[in-house]
>>> print(open('data10.tsv').read())   # TSV, C-alpha atoms
chain	number	residue	atom	x	y	z
A	14	MET	CA	0.00	0.00	0.00
A	15	SER	CA	1.20	3.51	-0.79
A	16	LYS	CA	1.28	6.48	1.53
A	17	THR	CA	-2.17	7.64	0.54
A	18	ASP	CA	-4.12	4.47	-0.31
A	19	TRP	CA	-5.44	2.65	2.72
A	20	SER	CA	-6.17	-1.10	2.54
A	21	LYS	CA	-9.19	-2.52	4.33
A	22	GLN	CA	-6.95	-3.81	7.13
A	23	GLU	CA	-5.18	-0.46	7.42
A	24	LYS	CA	-8.52	1.31	7.64
A	25	THR	CA	-9.54	-0.95	10.52
A	26	ILE	CA	-6.24	-0.37	12.36
A	27	GLY	CA	-6.48	3.35	11.70
A	28	ARG	CA	-10.06	3.59	12.89
A	29	ILE	CA	-9.35	1.73	16.13
A	30	ALA	CA	-6.30	3.88	16.93
A	31	PHE	CA	-8.22	7.04	16.04
A	32	GLU	CA	-11.23	6.21	18.20
A	33	ALA	CA	-9.03	5.14	21.11
A	34	ALA	CA	-7.12	8.44	20.98
A	35	TYR	CA	-10.37	10.41	20.81
A	36	PHE	CA	-11.71	8.55	23.81
A	37	ARG	CA	-8.50	9.08	25.81
A	38	GLU	CA	-8.33	12.77	25.05
A	39	CYS	CA	-12.00	13.33	25.92
A	40	MET	CA	-11.62	11.45	29.19
A	41	ALA	CA	-8.52	13.50	30.04
A	42	ALA	CA	-10.61	16.64	29.42
A	43	ARG	CA	-13.32	15.13	31.64
A	44	ASP	CA	-10.76	14.77	34.43
A	45	VAL	CA	-9.79	18.44	34.09
A	46	VAL	CA	-13.50	19.38	34.14
A	47	ARG	CA	-14.05	17.42	37.36
A	48	LYS	CA	-11.10	19.16	39.00
A	49	MET	CA	-12.25	22.61	37.84
A	50	ALA	CA	-15.84	21.88	38.95
A	51	ALA	CA	-14.65	20.80	42.39
A	52	GLU	CA	-12.83	24.13	42.81
A	53	ILE	CA	-15.59	26.50	41.61
A	54	ASP	CA	-16.62	28.82	44.41
A	55	ASP	CA	-17.99	31.81	42.50
A	56	PRO	CA	-19.86	32.57	39.24
A	57	PRO	CA	-16.73	33.52	37.23
A	58	GLY	CA	-15.35	30.06	38.02
A	59	LEU	CA	-18.44	28.52	36.43
A	60	TRP	CA	-17.99	30.57	33.24
A	61	ARG	CA	-14.29	29.73	33.09
A	62	LEU	CA	-15.30	26.08	33.00
A	63	SER	CA	-17.79	26.84	30.24
A	64	ASP	CA	-15.06	28.62	28.26
A	65	PHE	CA	-12.68	25.71	28.81
A	66	LEU	CA	-15.20	23.20	27.45
A	67	THR	CA	-16.10	25.35	24.44
A	68	GLU	CA	-12.42	25.74	23.53
A	69	LYS	CA	-11.63	22.07	24.14
A	70	ARG	CA	-14.54	20.99	21.95
A	71	LYS	CA	-13.38	23.23	19.12
A	72	GLU	CA	-9.80	21.97	19.45
A	73	ILE	CA	-10.86	18.30	19.49
A	74	ASP	CA	-13.33	18.73	16.62
A	75	GLU	CA	-10.61	20.27	14.48
A	76	LYS	CA	-7.95	17.76	15.45
A	77	TYR	CA	-9.91	14.53	14.88
A	78	ASP	CA	-10.25	14.72	11.11
A	79	TYR	CA	-10.67	11.20	9.72
A	80	ARG	CA	-10.02	11.87	6.06
A	81	TYR	CA	-7.45	9.47	4.60
A	82	SER	CA	-5.78	12.38	2.82
A	83	VAL	CA	-4.74	13.92	6.15
A	84	LEU	CA	-4.76	10.91	8.47
A	85	ALA	CA	-0.97	10.49	8.54
A	86	LEU	CA	-0.66	14.07	9.75
A	87	VAL	CA	-3.41	13.52	12.32
A	88	PHE	CA	-1.69	10.41	13.67
A	89	ALA	CA	1.64	12.22	13.79
A	90	ARG	CA	0.09	14.91	15.94
A	91	LEU	CA	-1.62	12.36	18.19
A	92	ILE	CA	1.73	10.60	18.70
A	93	ARG	CA	3.46	13.87	19.47
A	94	GLU	CA	0.78	14.78	21.99
A	95	GLY	CA	0.83	11.32	23.58
A	96	TRP	CA	-2.70	10.18	22.66
A	97	ILE	CA	-1.41	7.19	20.66
A	98	LYS	CA	1.86	5.31	20.41
A	99	GLN	CA	3.65	4.02	17.31
A	100	GLU	CA	2.71	0.48	18.48
A	101	ASP	CA	-0.99	1.33	18.06
A	102	LEU	CA	-0.35	1.65	14.32
A	103	VAL	CA	1.41	-1.69	13.75
A	104	GLY	CA	-0.04	-3.24	10.60
A	105	LEU	CA	0.06	-0.05	8.53
A	106	SER	CA	2.45	-0.14	5.55
A	107	ASP	CA	6.09	0.71	6.19
A	108	GLU	CA	5.71	3.78	3.97
A	109	LYS	CA	2.86	5.09	6.11
A	110	LEU	CA	4.64	4.36	9.39
A	111	GLU	CA	7.76	6.14	8.16
A	112	GLN	CA	5.76	9.11	6.97
A	113	ILE	CA	3.87	9.35	10.27
A	114	GLN	CA	7.13	9.10	12.21
A	115	GLU	CA	8.71	11.79	10.07
A	116	PHE	CA	5.71	14.11	10.52
A	117	ALA	CA	5.73	13.42	14.27
A	118	GLU	CA	9.39	14.37	14.52
A	119	THR	CA	9.16	17.47	12.38
A	120	GLY	CA	5.96	18.69	14.00
A	121	ILE	CA	3.96	19.23	10.81
A	122	LYS	CA	0.25	19.71	11.50
A	123	PRO	CA	-2.70	19.30	9.13
A	124	GLY	CA	-3.25	22.67	7.48
A	125	ASN	CA	0.43	23.73	7.72
B	23	MET	CA	-41.02	56.45	45.56
B	24	SER	CA	-43.02	55.44	42.52
B	25	LYS	CA	-43.01	52.11	40.76
B	26	THR	CA	-40.29	53.14	38.36
B	27	ASP	CA	-38.09	55.62	40.30
B	28	TRP	CA	-35.62	53.94	42.61
B	29	SER	CA	-34.26	55.84	45.64
B	30	LYS	CA	-30.64	55.41	46.65
B	31	GLN	CA	-31.68	53.05	49.46
B	32	GLU	CA	-33.90	51.05	47.12
B	33	LYS	CA	-31.05	50.72	44.67
B	34	THR	CA	-28.84	49.32	47.42
B	35	ILE	CA	-31.51	46.82	48.51
B	36	GLY	CA	-32.18	45.87	44.92
B	37	ARG	CA	-28.54	45.39	44.07
B	38	ILE	CA	-27.91	43.18	47.11
B	39	ALA	CA	-30.95	40.98	46.39
B	40	PHE	CA	-30.02	40.78	42.70
B	41	GLU	CA	-26.40	39.79	43.34
B	42	ALA	CA	-27.41	37.25	45.97
B	43	ALA	CA	-29.88	35.60	43.56
B	44	TYR	CA	-27.26	35.54	40.81
B	45	PHE	CA	-24.77	33.91	43.14
B	46	ARG	CA	-27.30	31.32	44.33
B	47	GLU	CA	-28.40	30.40	40.84
B	48	CYS	CA	-24.81	30.08	39.58
B	49	MET	CA	-23.85	27.91	42.54
B	50	ALA	CA	-26.90	25.70	41.94
B	51	ALA	CA	-25.73	25.31	38.33
B	52	ARG	CA	-22.25	24.51	39.65
B	53	ASP	CA	-23.76	21.69	41.74
B	54	VAL	CA	-25.48	20.27	38.64
B	55	VAL	CA	-22.17	20.51	36.75
B	56	ARG	CA	-20.34	18.61	39.48
B	57	LYS	CA	-22.95	15.84	39.39
B	58	MET	CA	-22.87	15.64	35.58
B	59	ALA	CA	-19.04	15.64	35.57
B	60	ALA	CA	-18.95	12.82	38.11
B	61	GLU	CA	-21.17	10.71	35.84
B	62	ILE	CA	-19.39	11.29	32.50
B	63	ASP	CA	-18.03	8.02	31.16
B	64	ASP	CA	-17.87	8.71	27.42
B	65	PRO	CA	-17.22	11.65	25.03
B	66	PRO	CA	-20.92	12.43	24.37
B	67	GLY	CA	-21.33	12.91	28.13
B	68	LEU	CA	-18.61	15.57	28.02
B	69	TRP	CA	-20.34	17.44	25.19
B	70	ARG	CA	-23.71	17.22	26.96
B	71	LEU	CA	-22.08	19.04	29.87
B	72	SER	CA	-20.69	21.64	27.47
B	73	ASP	CA	-24.18	22.13	25.98
B	74	PHE	CA	-25.70	22.41	29.46
B	75	LEU	CA	-23.25	25.15	30.45
B	76	THR	CA	-23.70	27.08	27.20
B	77	GLU	CA	-27.49	27.02	27.60
B	78	LYS	CA	-27.34	27.89	31.30
B	79	ARG	CA	-25.06	30.83	30.64
B	80	LYS	CA	-27.40	32.17	27.96
B	81	GLU	CA	-30.41	31.75	30.25
B	82	ILE	CA	-28.70	33.46	33.19
B	83	ASP	CA	-27.30	36.29	31.07
B	84	GLU	CA	-30.77	37.03	29.72
B	85	LYS	CA	-32.49	36.74	33.08
B	86	TYR	CA	-30.20	38.96	35.16
B	87	ASP	CA	-31.02	42.28	33.54
B	88	TYR	CA	-30.35	45.08	36.03
B	89	ARG	CA	-32.16	47.93	34.31
B	90	TYR	CA	-34.53	49.77	36.67
B	91	SER	CA	-37.16	49.79	33.94
B	92	VAL	CA	-37.46	45.99	34.08
B	93	LEU	CA	-36.19	45.22	37.57
B	94	ALA	CA	-39.65	44.63	39.08
B	95	LEU	CA	-40.27	41.97	36.44
B	96	VAL	CA	-36.85	40.44	37.05
B	97	PHE	CA	-37.48	40.26	40.79
B	98	ALA	CA	-40.91	38.75	40.21
B	99	ARG	CA	-39.34	35.99	38.15
B	100	LEU	CA	-36.60	35.41	40.72
B	101	ILE	CA	-39.24	35.08	43.45
B	102	ARG	CA	-41.26	32.68	41.33
B	103	GLU	CA	-38.19	30.56	40.66
B	104	GLY	CA	-37.13	30.62	44.30
B	105	TRP	CA	-33.87	32.57	43.94
B	106	ILE	CA	-35.08	35.38	46.23
B	107	LYS	CA	-37.86	35.79	48.78
B	108	GLN	CA	-40.18	38.74	49.34
B	109	GLU	CA	-38.28	39.38	52.60
B	110	ASP	CA	-35.09	40.10	50.62
B	111	LEU	CA	-36.83	43.15	49.17
B	112	VAL	CA	-38.02	44.72	52.43
B	113	GLY	CA	-37.27	48.45	52.24
B	114	LEU	CA	-38.58	48.93	48.70
B	115	SER	CA	-41.66	51.16	48.41
B	116	ASP	CA	-45.06	49.56	48.97
B	117	GLU	CA	-45.92	50.27	45.34
B	118	LYS	CA	-42.91	48.36	44.11
B	119	LEU	CA	-43.47	45.45	46.46
B	120	GLU	CA	-47.09	45.21	45.36
B	121	GLN	CA	-46.14	45.36	41.73
B	122	ILE	CA	-43.45	42.68	42.14
B	123	GLN	CA	-45.90	40.48	44.03
B	124	GLU	CA	-48.51	40.93	41.35
B	125	PHE	CA	-46.02	40.10	38.56
B	126	ALA	CA	-44.81	37.08	40.54
B	127	GLU	CA	-48.36	35.79	40.88
B	128	THR	CA	-49.35	36.39	37.29
B	129	GLY	CA	-46.11	35.01	35.87
B	130	ILE	CA	-45.28	37.97	33.62
B	131	LYS	CA	-41.68	37.85	32.37
B	132	PRO	CA	-39.53	40.68	31.00
B	133	GLY	CA	-40.15	40.80	27.28
B	134	ASN	CA	-43.73	39.47	27.55
>>> encode(input="data10.tsv", output="structure tokens")
Amino acid sequence: MSKTDWSKQEKTIGRIAFEAAYFRECMAARDVVRKMAAEIDDPPGLWRLSDFLTEKRKEIDEKYDYRYSVLALVFARLIREGWIKQEDLVGLSDEKLEQIQEFAETGIKPGN
Amino acid sequence: MSKTDWSKQEKTIGRIAFEAAYFRECMAARDVVRKMAAEIDDPPGLWRLSDFLTEKRKEIDEKYDYRYSVLALVFARLIREGWIKQEDLVGLSDEKLEQIQEFAETGIKPGN
């Protein structure tokens, strides 16, 4: 398989890694929300939590873009940020793994 | 004092009751947020909390309108919803108290 064509097996591996990262990142945000909520003792604290969630949602919505044309970049970012590991992607073609690793090291983001 | 002119003392009483209601309602929302946050176990639960906060903020922003021209209606609503009691408004003119009571009983809202 080339860098841009995804086999059926690769799509399955990619989808599982993608969904797992999404779940982990949302649950990490949930933990921050619980901590913030526990510490709220005035109205501005409540609105800070609202702002945090609005921003986090926007960030996550933008980040988790499951188009095959950008997926290598998405995975590179998720590796860099610690939401997935290289091992989660075992089974992708060597070309894809090398490309993802290269993007992860150089810090290229989708849209750059 | 008439129904629409607010003396300095009435303004002080009004401001204190208004701020206290705002604080109580925000802290009640905070308690709901804590309960929702404690129960989140998947990403949709996180976004439901975000939606709740966005809606609550909009509702509270619209409700807490401190213009003297609408304040009797605002207080009537706050009494009806339990965020203030008639006793919190002692010191306002009899005309204002009667008007607020009447609005509270008839359920008129600002903007109606």
>>> interface_residues(input="data10.tsv", of="chain B", to="chain A", cutoff="6 Å", atoms="all atoms listed in the file", output="ChimeraX atom specification")
/B:48,56,59,65,72,75
>>> calpha_fit_and_write(input="data10.tsv", fixed="chain B", moving="chain A", output="JSON list (two decimals) with C-alpha atoms, in the coordinates of the input")
[["chain", "number", "residue", "atom", "x", "y", "z"],
["A", 14, "MET", "CA", -41.01, 56.45, 45.58],
["A", 15, "SER", "CA", -43.04, 55.44, 42.54],
["A", 16, "LYS", "CA", -43.01, 52.11, 40.77],
["A", 17, "THR", "CA", -40.29, 53.15, 38.37],
["A", 18, "ASP", "CA", -38.10, 55.61, 40.29],
["A", 19, "TRP", "CA", -35.63, 53.94, 42.61],
["A", 20, "SER", "CA", -34.28, 55.83, 45.65],
["A", 21, "LYS", "CA", -30.65, 55.41, 46.66],
["A", 22, "GLN", "CA", -31.69, 53.05, 49.47],
["A", 23, "GLU", "CA", -33.91, 51.04, 47.13],
["A", 24, "LYS", "CA", -31.06, 50.73, 44.66],
["A", 25, "THR", "CA", -28.83, 49.32, 47.40],
["A", 26, "ILE", "CA", -31.49, 46.83, 48.52],
["A", 27, "GLY", "CA", -32.18, 45.88, 44.92],
["A", 28, "ARG", "CA", -28.52, 45.40, 44.08],
["A", 29, "ILE", "CA", -27.89, 43.18, 47.10],
["A", 30, "ALA", "CA", -30.93, 40.99, 46.39],
["A", 31, "PHE", "CA", -30.00, 40.80, 42.70],
["A", 32, "GLU", "CA", -26.39, 39.81, 43.33],
["A", 33, "ALA", "CA", -27.40, 37.27, 45.97],
["A", 34, "ALA", "CA", -29.86, 35.62, 43.57],
["A", 35, "TYR", "CA", -27.25, 35.55, 40.81],
["A", 36, "PHE", "CA", -24.76, 33.93, 43.14],
["A", 37, "ARG", "CA", -27.29, 31.33, 44.34],
["A", 38, "GLU", "CA", -28.38, 30.41, 40.85],
["A", 39, "CYS", "CA", -24.79, 30.09, 39.58],
["A", 40, "MET", "CA", -23.84, 27.92, 42.54],
["A", 41, "ALA", "CA", -26.89, 25.72, 41.94],
["A", 42, "ALA", "CA", -25.72, 25.33, 38.32],
["A", 43, "ARG", "CA", -22.24, 24.51, 39.66],
["A", 44, "ASP", "CA", -23.76, 21.71, 41.74],
["A", 45, "VAL", "CA", -25.47, 20.28, 38.65],
["A", 46, "VAL", "CA", -22.16, 20.53, 36.75],
["A", 47, "ARG", "CA", -20.33, 18.61, 39.48],
["A", 48, "LYS", "CA", -22.96, 15.87, 39.40],
["A", 49, "MET", "CA", -22.88, 15.65, 35.59],
["A", 50, "ALA", "CA", -19.05, 15.65, 35.58],
["A", 51, "ALA", "CA", -18.96, 12.83, 38.13],
["A", 52, "GLU", "CA", -21.18, 10.71, 35.86],
["A", 53, "ILE", "CA", -19.41, 11.29, 32.52],
["A", 54, "ASP", "CA", -18.07, 8.02, 31.17],
["A", 55, "ASP", "CA", -17.92, 8.71, 27.44],
["A", 56, "PRO", "CA", -17.26, 11.62, 25.04],
["A", 57, "PRO", "CA", -20.97, 12.42, 24.39],
["A", 58, "GLY", "CA", -21.36, 12.92, 28.15],
["A", 59, "LEU", "CA", -18.63, 15.56, 28.03],
["A", 60, "TRP", "CA", -20.38, 17.44, 25.20],
["A", 61, "ARG", "CA", -23.73, 17.23, 26.98],
["A", 62, "LEU", "CA", -22.10, 19.04, 29.88],
["A", 63, "SER", "CA", -20.72, 21.64, 27.48],
["A", 64, "ASP", "CA", -24.20, 22.12, 25.99],
["A", 65, "PHE", "CA", -25.70, 22.42, 29.47],
["A", 66, "LEU", "CA", -23.25, 25.16, 30.46],
["A", 67, "THR", "CA", -23.70, 27.09, 27.20],
["A", 68, "GLU", "CA", -27.49, 27.04, 27.61],
["A", 69, "LYS", "CA", -27.35, 27.90, 31.31],
["A", 70, "ARG", "CA", -25.05, 30.85, 30.63],
["A", 71, "LYS", "CA", -27.39, 32.19, 27.96],
["A", 72, "GLU", "CA", -30.41, 31.76, 30.25],
["A", 73, "ILE", "CA", -28.69, 33.48, 33.20],
["A", 74, "ASP", "CA", -27.30, 36.30, 31.06],
["A", 75, "GLU", "CA", -30.76, 37.03, 29.73],
["A", 76, "LYS", "CA", -32.49, 36.74, 33.08],
["A", 77, "TYR", "CA", -30.20, 38.98, 35.16],
["A", 78, "ASP", "CA", -31.01, 42.30, 33.53],
["A", 79, "TYR", "CA", -30.34, 45.10, 36.02],
["A", 80, "ARG", "CA", -32.15, 47.94, 34.30],
["A", 81, "TYR", "CA", -34.52, 49.77, 36.66],
["A", 82, "SER", "CA", -37.16, 49.80, 33.93],
["A", 83, "VAL", "CA", -37.46, 46.00, 34.07],
["A", 84, "LEU", "CA", -36.19, 45.22, 37.57],
["A", 85, "ALA", "CA", -39.64, 44.63, 39.08],
["A", 86, "LEU", "CA", -40.27, 41.98, 36.44],
["A", 87, "VAL", "CA", -36.84, 40.45, 37.04],
["A", 88, "PHE", "CA", -37.46, 40.25, 40.79],
["A", 89, "ALA", "CA", -40.89, 38.75, 40.21],
["A", 90, "ARG", "CA", -39.33, 36.00, 38.15],
["A", 91, "LEU", "CA", -36.58, 35.40, 40.71],
["A", 92, "ILE", "CA", -39.23, 35.07, 43.44],
["A", 93, "ARG", "CA", -41.26, 32.67, 41.33],
["A", 94, "GLU", "CA", -38.19, 30.56, 40.64],
["A", 95, "GLY", "CA", -37.11, 30.61, 44.29],
["A", 96, "TRP", "CA", -33.85, 32.57, 43.93],
["A", 97, "ILE", "CA", -35.06, 35.36, 46.24],
["A", 98, "LYS", "CA", -37.84, 35.77, 48.78],
["A", 99, "GLN", "CA", -40.17, 38.72, 49.33],
["A", 100, "GLU", "CA", -38.26, 39.36, 52.61],
["A", 101, "ASP", "CA", -35.08, 40.07, 50.61],
["A", 102, "LEU", "CA", -36.83, 43.13, 49.17],
["A", 103, "VAL", "CA", -38.00, 44.71, 52.44],
["A", 104, "GLY", "CA", -37.26, 48.44, 52.25],
["A", 105, "LEU", "CA", -38.57, 48.90, 48.71],
["A", 106, "SER", "CA", -41.66, 51.13, 48.42],
["A", 107, "ASP", "CA", -45.05, 49.52, 48.97],
["A", 108, "GLU", "CA", -45.93, 50.26, 45.34],
["A", 109, "LYS", "CA", -42.89, 48.34, 44.11],
["A", 110, "LEU", "CA", -43.47, 45.41, 46.46],
["A", 111, "GLU", "CA", -47.09, 45.16, 45.36],
["A", 112, "GLN", "CA", -46.14, 45.33, 41.72],
["A", 113, "ILE", "CA", -43.45, 42.66, 42.14],
["A", 114, "GLN", "CA", -45.89, 40.44, 44.02],
["A", 115, "GLU", "CA", -48.52, 40.90, 41.33],
["A", 116, "PHE", "CA", -46.02, 40.08, 38.55],
["A", 117, "ALA", "CA", -44.82, 37.05, 40.52],
["A", 118, "GLU", "CA", -48.36, 35.73, 40.85],
["A", 119, "THR", "CA", -49.36, 36.36, 37.27],
["A", 120, "GLY", "CA", -46.13, 35.01, 35.83],
["A", 121, "ILE", "CA", -45.29, 37.99, 33.61],
["A", 122, "LYS", "CA", -41.70, 37.87, 32.34],
["A", 123, "PRO", "CA", -39.55, 40.70, 30.99],
["A", 124, "GLY", "CA", -40.16, 40.84, 27.25],
["A", 125, "ASN", "CA", -43.74, 39.49, 27.48]]
>>> atom_distance(input="data10.tsv", atom1="CA of Leu100 (chain B)", atom2="CA of Tyr86 (chain B)")
9.2 Å
>>> residues_near_point(input="data10.tsv", point="(-2.5, 15.8, 15.0)", cutoff="10 Å", atoms="all atoms listed in the file", output="compact mmCIF listing (two decimals) with C-alpha atoms, in the coordinates of the input")
# COMPACT_ATOMS: atom_id res chain seq x y z
CA ILE A 73 -10.86 18.30 19.49
CA GLU A 75 -10.61 20.27 14.48
CA LYS A 76 -7.95 17.76 15.45
CA TYR A 77 -9.91 14.53 14.88
CA ASP A 78 -10.25 14.72 11.11
CA VAL A 83 -4.74 13.92 6.15
CA LEU A 84 -4.76 10.91 8.47
CA ALA A 85 -0.97 10.49 8.54
CA LEU A 86 -0.66 14.07 9.75
CA VAL A 87 -3.41 13.52 12.32
CA PHE A 88 -1.69 10.41 13.67
CA ALA A 89 1.64 12.22 13.79
CA ARG A 90 0.09 14.91 15.94
CA LEU A 91 -1.62 12.36 18.19
CA ILE A 92 1.73 10.60 18.70
CA ARG A 93 3.46 13.87 19.47
CA GLU A 94 0.78 14.78 21.99
CA TRP A 96 -2.70 10.18 22.66
CA PHE A 116 5.71 14.11 10.52
CA ALA A 117 5.73 13.42 14.27
CA GLY A 120 5.96 18.69 14.00
CA ILE A 121 3.96 19.23 10.81
CA LYS A 122 0.25 19.71 11.50
CA PRO A 123 -2.70 19.30 9.13
>>> atom_distance(input="data10.tsv", atom1="CA of Ser106 (chain A)", atom2="CA of Asp74 (chain A)")
27.0 Å
>>> atom_distance(input="data10.tsv", atom1="CA of Thr128 (chain B)", atom2="CA of Asp27 (chain B)")
22.5 Å
>>> decode(input="data10.tsv", residues="region 63-119 of chain B", atoms="C-alpha atoms", output="short mmCIF file (atom, residue, chain, number, x, y, z; two decimals), in the first residue's frame")
data_model
loop_
_atom_site.label_atom_id
_atom_site.label_comp_id
_atom_site.auth_asym_id
_atom_site.auth_seq_id
_atom_site.Cartn_x
_atom_site.Cartn_y
_atom_site.Cartn_z
CA ASP B 63 -18.03 8.02 31.16
CA ASP B 64 -17.87 8.71 27.42
CA PRO B 65 -17.22 11.65 25.03
CA PRO B 66 -20.92 12.43 24.37
CA GLY B 67 -21.33 12.91 28.13
CA LEU B 68 -18.61 15.57 28.02
CA TRP B 69 -20.34 17.44 25.19
CA ARG B 70 -23.71 17.22 26.96
CA LEU B 71 -22.08 19.04 29.87
CA SER B 72 -20.69 21.64 27.47
CA ASP B 73 -24.18 22.13 25.98
CA PHE B 74 -25.70 22.41 29.46
CA LEU B 75 -23.25 25.15 30.45
CA THR B 76 -23.70 27.08 27.20
CA GLU B 77 -27.49 27.02 27.60
CA LYS B 78 -27.34 27.89 31.30
CA ARG B 79 -25.06 30.83 30.64
CA LYS B 80 -27.40 32.17 27.96
CA GLU B 81 -30.41 31.75 30.25
CA ILE B 82 -28.70 33.46 33.19
CA ASP B 83 -27.30 36.29 31.07
CA GLU B 84 -30.77 37.03 29.72
CA LYS B 85 -32.49 36.74 33.08
CA TYR B 86 -30.20 38.96 35.16
CA ASP B 87 -31.02 42.28 33.54
CA TYR B 88 -30.35 45.08 36.03
CA ARG B 89 -32.16 47.93 34.31
CA TYR B 90 -34.53 49.77 36.67
CA SER B 91 -37.16 49.79 33.94
CA VAL B 92 -37.46 45.99 34.08
CA LEU B 93 -36.19 45.22 37.57
CA ALA B 94 -39.65 44.63 39.08
CA LEU B 95 -40.27 41.97 36.44
CA VAL B 96 -36.85 40.44 37.05
CA PHE B 97 -37.48 40.26 40.79
CA ALA B 98 -40.91 38.75 40.21
CA ARG B 99 -39.34 35.99 38.15
CA LEU B 100 -36.60 35.41 40.72
CA ILE B 101 -39.24 35.08 43.45
CA ARG B 102 -41.26 32.68 41.33
CA GLU B 103 -38.19 30.56 40.66
CA GLY B 104 -37.13 30.62 44.30
CA TRP B 105 -33.87 32.57 43.94
CA ILE B 106 -35.08 35.38 46.23
CA LYS B 107 -37.86 35.79 48.78
CA GLN B 108 -40.18 38.74 49.34
CA GLU B 109 -38.28 39.38 52.60
CA ASP B 110 -35.09 40.10 50.62
CA LEU B 111 -36.83 43.15 49.17
CA VAL B 112 -38.02 44.72 52.43
CA GLY B 113 -37.27 48.45 52.24
CA LEU B 114 -38.58 48.93 48.70
CA SER B 115 -41.66 51.16 48.41
CA ASP B 116 -45.06 49.56 48.97
CA GLU B 117 -45.92 50.27 45.34
CA LYS B 118 -42.91 48.36 44.11
CA LEU B 119 -43.47 45.45 46.46
#
